[in-house]
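Visitor: See work.txt below, with compact mmCIF, C-alpha atoms.
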# COMPACT_ATOMS: atom_id res chain seq x y z
CA MET A 1 -12.01 26.63 3.33
CA ARG A 2 -11.96 23.72 5.77
CA LYS A 3 -12.30 21.33 2.83
CA ILE A 4 -9.48 23.11 0.99
CA ILE A 5 -7.20 22.63 3.99
CA LEU A 6 -8.23 18.99 4.28
CA LEU A 7 -7.48 18.38 0.60
CA LEU A 8 -4.23 20.23 0.97
CA GLY A 9 -3.33 18.02 3.87
CA LEU A 10 -4.20 14.89 1.94
CA ALA A 11 -2.06 16.15 -0.85
CA ILE A 12 1.06 16.62 1.18
CA SER A 13 0.45 14.78 4.44
CA VAL A 14 3.54 12.85 5.50
CA LEU A 15 3.08 9.93 7.87
CA THR A 16 5.56 9.57 10.72
CA ALA A 17 4.02 6.45 12.25
CA PHE A 18 2.60 3.63 10.18
CA THR A 19 0.04 0.85 10.40
CA GLN A 20 1.61 -2.59 10.71
CA GLY A 21 1.44 -4.59 7.52
CA ASN A 22 1.91 -1.63 5.20
CA ASP A 23 4.47 -1.70 2.40
CA PRO A 24 7.95 -1.11 3.90
CA ALA A 25 9.13 0.40 0.60
CA ALA A 26 6.37 3.02 0.79
CA LYS A 27 7.22 3.62 4.46
CA LYS A 28 10.82 4.35 3.52
CA VAL A 29 9.70 6.95 0.97
CA LEU A 30 7.31 8.63 3.41
CA ASP A 31 9.92 8.59 6.17
CA GLY A 32 12.28 10.46 3.85
CA VAL A 33 9.69 13.10 2.99
CA SER A 34 8.78 13.53 6.65
CA LYS A 35 12.40 14.00 7.69
CA LYS A 36 12.95 16.56 4.92
CA PHE A 37 9.83 18.56 5.82
CA LYS A 38 10.65 18.62 9.54
CA SER A 39 14.03 20.17 8.77
CA TYR A 40 12.33 23.35 7.50
CA LYS A 41 12.11 26.29 9.94
CA ALA A 42 9.61 28.19 7.80
CA VAL A 43 7.84 27.16 4.61
CA GLN A 44 6.33 28.96 1.64
CA SER A 45 4.73 26.69 -0.93
CA THR A 46 2.63 27.39 -4.02
CA PHE A 47 0.13 24.88 -5.37
CA THR A 48 -2.58 24.28 -7.96
CA LEU A 49 -5.83 22.48 -7.18
CA GLN A 50 -7.86 21.06 -10.08
CA ILE A 51 -11.36 19.61 -9.67
CA GLU A 52 -12.89 17.10 -12.11
CA ASP A 53 -16.38 15.62 -12.14
CA ALA A 54 -17.22 11.92 -12.53
CA ASN A 55 -16.99 12.24 -16.33
CA GLY A 56 -13.49 13.66 -16.19
CA LYS A 57 -14.60 17.19 -17.07
CA VAL A 58 -12.60 19.92 -15.34
CA GLN A 59 -14.91 21.93 -13.08
CA GLY A 60 -12.37 24.43 -11.88
CA THR A 61 -8.76 25.21 -11.15
CA LYS A 62 -7.48 27.20 -8.18
CA LYS A 63 -4.00 28.43 -7.36
CA GLY A 64 -2.81 29.08 -3.86
CA THR A 65 0.02 29.64 -1.42
CA VAL A 66 0.59 28.22 2.04
CA TYR A 67 2.95 29.63 4.68
CA MET A 68 3.96 27.86 7.90
CA LYS A 69 6.21 28.75 10.81
CA GLY A 70 6.05 26.83 14.07
CA PRO A 71 2.35 26.62 15.06
CA LYS A 72 1.44 29.54 12.77
CA TYR A 73 0.02 29.16 9.27
CA ARG A 74 -1.62 31.01 6.43
CA VAL A 75 -3.37 29.67 3.34
CA ASN A 76 -4.26 31.87 0.35
CA ILE A 77 -6.39 30.36 -2.40
CA THR A 78 -8.54 31.96 -5.08
CA GLY A 79 -11.21 34.01 -3.30
CA GLN A 80 -10.30 32.96 0.24
CA GLU A 81 -7.60 33.41 2.86
CA ILE A 82 -7.10 31.82 6.26
CA TYR A 83 -4.70 33.05 8.93
CA SER A 84 -3.64 31.61 12.28
CA ASP A 85 -1.19 33.02 14.81
CA GLY A 86 -1.27 29.77 16.76
CA LYS A 87 -4.15 30.95 18.98
CA ASN A 88 -6.77 32.56 16.74
CA VAL A 89 -8.00 31.71 13.24
CA TRP A 90 -9.27 34.31 10.74
CA THR A 91 -11.14 33.00 7.69
CA TYR A 92 -11.62 35.72 5.07
CA ASP A 93 -14.13 35.50 2.22
CA LYS A 94 -13.11 37.96 -0.48
CA ALA A 95 -16.45 38.01 -2.35
CA ALA A 96 -18.41 38.83 0.80
CA ASN A 97 -15.63 40.97 2.31
CA GLU A 98 -16.27 39.11 5.56
CA VAL A 99 -13.88 37.59 8.08
CA THR A 100 -14.88 34.94 10.63
CA ILE A 101 -12.75 34.75 13.77
CA THR A 102 -12.49 31.58 15.86
CA GLN A 103 -10.11 30.16 18.43
CA LEU A 104 -7.69 27.42 17.45
CA ASP A 105 -8.83 24.17 19.04
CA PRO A 106 -6.87 24.00 22.35
CA SER A 107 -7.43 20.24 22.61
CA GLY A 108 -5.20 19.68 19.61
CA SER A 109 -7.93 17.77 17.78
CA GLY A 110 -8.50 20.45 15.16
CA ILE A 111 -7.07 20.36 11.65
CA THR A 112 -4.05 22.56 10.90
CA PRO A 113 -1.66 22.43 7.95
CA GLN A 114 1.16 21.43 10.31
CA LYS A 115 -0.70 18.30 11.38
CA LEU A 116 -1.65 17.50 7.82
CA PHE A 117 1.91 17.95 6.65
CA THR A 118 3.25 15.60 9.33
CA SER A 119 1.45 13.03 11.47
CA PHE A 120 -2.28 13.83 11.48
CA TYR A 121 -3.13 10.70 9.48
CA ASP A 122 -1.01 8.24 11.42
CA ASN A 123 -2.55 4.79 11.16
CA ASP A 124 -5.45 6.06 9.04
CA PHE A 125 -4.25 4.62 5.73
CA LEU A 126 -3.19 1.39 4.14
CA TYR A 127 -0.55 2.17 1.54
CA LYS A 128 1.79 0.61 -0.97
CA LEU A 129 4.45 1.73 -3.43
CA ASN A 130 3.20 1.26 -6.99
CA GLY A 131 6.54 1.95 -8.65
CA GLU A 132 8.21 4.83 -10.46
CA LYS A 133 7.36 7.02 -13.44
CA LYS A 134 9.00 9.86 -15.33
CA GLU A 135 7.70 13.43 -15.52
CA GLY A 136 10.17 15.40 -17.64
CA THR A 137 13.52 15.02 -15.91
CA LYS A 138 11.96 13.98 -12.58
CA THR A 139 11.66 10.44 -11.30
CA LEU A 140 8.43 10.14 -9.33
CA GLN A 141 7.47 7.42 -6.87
CA GLU A 142 3.75 6.67 -6.69
CA ILE A 143 2.19 5.65 -3.38
CA GLU A 144 -1.37 4.33 -3.38
CA MET A 145 -3.23 5.12 -0.15
CA THR A 146 -6.55 3.64 0.97
CA PRO A 147 -8.35 5.00 4.06
CA VAL A 148 -8.94 2.49 6.84
CA ASP A 149 -12.21 4.25 7.73
CA LYS A 150 -14.59 3.26 4.94
CA THR A 151 -17.03 6.03 5.85
CA LYS A 152 -14.67 8.64 4.40
CA SER A 153 -15.96 10.57 1.37
CA PHE A 154 -12.94 9.43 -0.66
CA HIS A 155 -11.78 5.88 -1.38
CA LYS A 156 -8.30 6.37 -2.78
CA VAL A 157 -5.38 8.81 -2.73
CA TYR A 158 -2.43 8.66 -5.13
CA LEU A 159 0.67 10.45 -3.91
CA LEU A 160 3.62 11.25 -6.20
CA VAL A 161 6.99 11.92 -4.55
CA ASP A 162 10.02 13.46 -6.23
CA LYS A 163 12.59 10.72 -5.60
CA LYS A 164 15.65 12.94 -5.78
CA ASN A 165 14.37 15.85 -3.67
CA GLN A 166 12.21 13.76 -1.29
CA THR A 167 9.34 16.20 -1.63
CA ILE A 168 5.69 15.85 -2.62
CA TYR A 169 5.11 16.46 -6.34
CA SER A 170 1.34 15.90 -6.55
CA THR A 171 -1.66 14.11 -5.10
CA ARG A 172 -4.86 12.84 -6.66
CA VAL A 173 -7.87 12.28 -4.39
CA LEU A 174 -10.69 10.07 -5.70
CA GLU A 175 -14.06 10.66 -4.04
CA LYS A 176 -16.80 8.05 -3.87
CA ASN A 177 -19.14 10.31 -5.86
CA GLY A 178 -16.71 10.21 -8.79
CA ASN A 179 -15.17 13.65 -8.33
CA LYS A 180 -11.40 13.90 -8.45
CA TYR A 181 -9.17 16.52 -6.80
CA SER A 182 -5.66 16.89 -8.19
CA TYR A 183 -3.17 18.89 -6.18
CA THR A 184 0.22 19.84 -7.61
CA VAL A 185 3.02 21.49 -5.64
CA ASN A 186 4.49 24.16 -7.89
CA SER A 187 7.20 25.30 -5.49
CA MET A 188 8.42 24.56 -1.97
CA ASN A 189 10.78 26.93 -0.16
CA GLY A 190 11.91 25.59 3.21
CA LYS A 191 14.07 28.63 3.91
CA ALA A 192 11.45 31.29 3.32
CA PRO A 193 11.91 34.54 5.32
CA VAL A 194 8.34 34.59 6.67
CA ALA A 195 7.60 37.38 9.16
CA ASP A 196 5.20 36.77 12.07
CA GLU A 197 2.76 39.44 10.85
CA VAL A 198 2.01 37.27 7.81
CA PHE A 199 -0.08 35.04 10.09
CA VAL A 200 -2.33 37.77 11.53
CA PHE A 201 -5.35 39.24 9.73
CA ASN A 202 -4.83 43.00 9.42
CA LYS A 203 -8.27 44.61 9.32
CA ALA A 204 -6.79 47.91 8.11
CA LYS A 205 -5.89 46.29 4.80
CA PHE A 206 -9.52 45.34 4.10
CA PRO A 207 -11.69 48.51 4.11
CA GLY A 208 -15.31 47.84 5.09
CA VAL A 209 -14.69 44.24 6.08
CA GLU A 210 -17.43 42.70 8.24
CA GLU A 211 -16.20 40.77 11.28
CA VAL A 212 -17.98 37.74 12.71
CA ASP A 213 -16.27 37.00 16.02
CA LEU A 214 -17.10 33.50 17.27
CA ARG A 215 -14.43 33.31 19.96
Turn this file's structure into structure tokens for me.
Guide:
Amino acid sequence: MRKIILLLGLAISVLTAFTQGNDPAAKKVLDGVSKKFKSYKAVQSTFTLQIEDANGKVQGTKKGTVYMKGPKYRVNITGQEIYSDGKNVWTYDKAANEVTITQLDPSGSGITPQKLFTSFYDNDFLYKLNGEKKEGTKTLQEIEMTPVDKTKSFHKVYLLVDKKNQTIYSTRVLEKNGNKYSYTVNSMNGKAPVADEVFVFNKAKFPGVEEVDLR
């Protein structure tokens, strides 16, 4: 699940501070996406994650939903769910009917969707605007991102931004081992009526669930 969140963040991370020397045209695009995302009070977004091996063969496709409201978040993806009320984190494995409970990192160094959607990767990438392409009626702007830290497991990220709506359309993450992760945002609702209980794991809804409390 941690890797899913990391990939999700790579897919739609929006940088609010940028390394000197990066493409100013790409910075302008990312600034616009960041401003748009920060205007949302609560978010519900659906996405598709596709995994390919080094030969280009599809290894799997997963669909998911992410909810965010202030410091709270919830991620649902095939077979797994993760909840956080801003203090605790519940990671539920459907196949095992097991939930692991941990505390959210109080130091602020932990990974959360909010950080990944905004400024978690400040100064961590070199990036440039490759140009525009058409996808149906949409005009998409492609940003090529290269991690500054060469020890990362991936060497390139390609981000597509919907020019008109200033929202993320898709991301393609290229790993050094040849695997490719393609993330596509299917919908983004920045006015979603998300209740606070959405972010808390309700044990009563999961009969027989085993709890592993690591707090």
Visitor: Just to confirm, what's the straight-line distance from CA of Leu49 (chain A) to CA of Tyr181 (chain A) in Å (one decimal)?
Guide: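 Rounded to one decimal, the two atoms are 6.8 Å apart.
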Visitor: From the options A:Glu81, A:Asp162, A:Glu197, A:Glu98, which residue's atoms come nearest to Thr184 (chain A), counting only C-alpha atoms?
Guide: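 Ranking A:Glu81, A:Asp162, A:Glu197, A:Glu98 by distance to Thr184 (chain A), first place goes to A:Asp162.
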Visitor: Just give me the gap between CA of Glu210 (chain A) and CA of Val89 (chain A) in Å, one decimal is fine.
Guide: 15.3 Å
Visitor: Which residue out of A:Gly86, A:Gly136, A:Gly32, A:Gly178 has the minimum interatomic distance to His155 (chain A) when all atoms listed in the file are used?
Guide: A:Gly178
Visitor: Looking at A:Ile143, A:Lys27, A:Asp196, A:Lys203, which one is nearest to Arg172 (chain A), with distances taken over only C-alpha atoms?
Guide: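 Of all the options, A:Ile143 lies closest to Arg172 (chain A).
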Visitor: Taking (2.4, 26.8, -2.3) in the coordinates of the supplied file, I want to know which residues reach to within 12 Å of it, counting all atoms listed in the file; could you give the answer as a ChimeraX atom specification?
Guide: /A:8,11-12,43-49,62-68,74-77,113,168-170,183-190,192
Visitor: From the list A:Thr100, A:Thr171, A:Ser39, A:Thr78, which residue is nearest Met145 (chain A) when using only C-alpha atoms?
Guide: A:Thr171
Visitor: Can you measure CA of Tyr127 (chain A) to CA of Leu160 (chain A) for me? One decimal in Å is fine.
Guide: 12.6 Å
Visitor: What's around Lys138 (chain A) at 10 Å? Count only C-alpha atoms, leave out sequence neighbours fewer than 2 positions away in its own chain, and write the answer as a list in words.
Guide: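 Non-adjacent residues within range: Lys133, Lys134, Glu135, Gly136, Leu140, Gln141, Val161, Asp162, Lys163, Lys164, Asn165 and Tyr169 of chain A.
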Visitor: My list of candidates is A:Leu30, A:Ile51, A:Thr102, A:Leu126. Which is closest to Glu175 (chain A) when distances are computed with all atoms listed in the file?
Guide: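 Nearest to Glu175 (chain A): A:Ile51.
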Visitor: Show which residues sit within 10 Å of Ala54 (chain A), as a list in words. Count all atoms listed in the file, and ignore same-chain residues fewer than 4 positions away.
Guide: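 Within the cut-off, the hits are Val58, Leu174, Glu175, Lys176, Asn177, Gly178, Asn179 and Lys180 of chain A.
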Visitor: Smallest atom-to-atom distance to Asp93 (chain A): which of A:Leu129, A:Ala25, A:Val209, A:Ala42, using all atoms listed in the file?
Guide: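 Counting all atoms listed in the file, the residue closest to Asp93 (chain A) is A:Val209.
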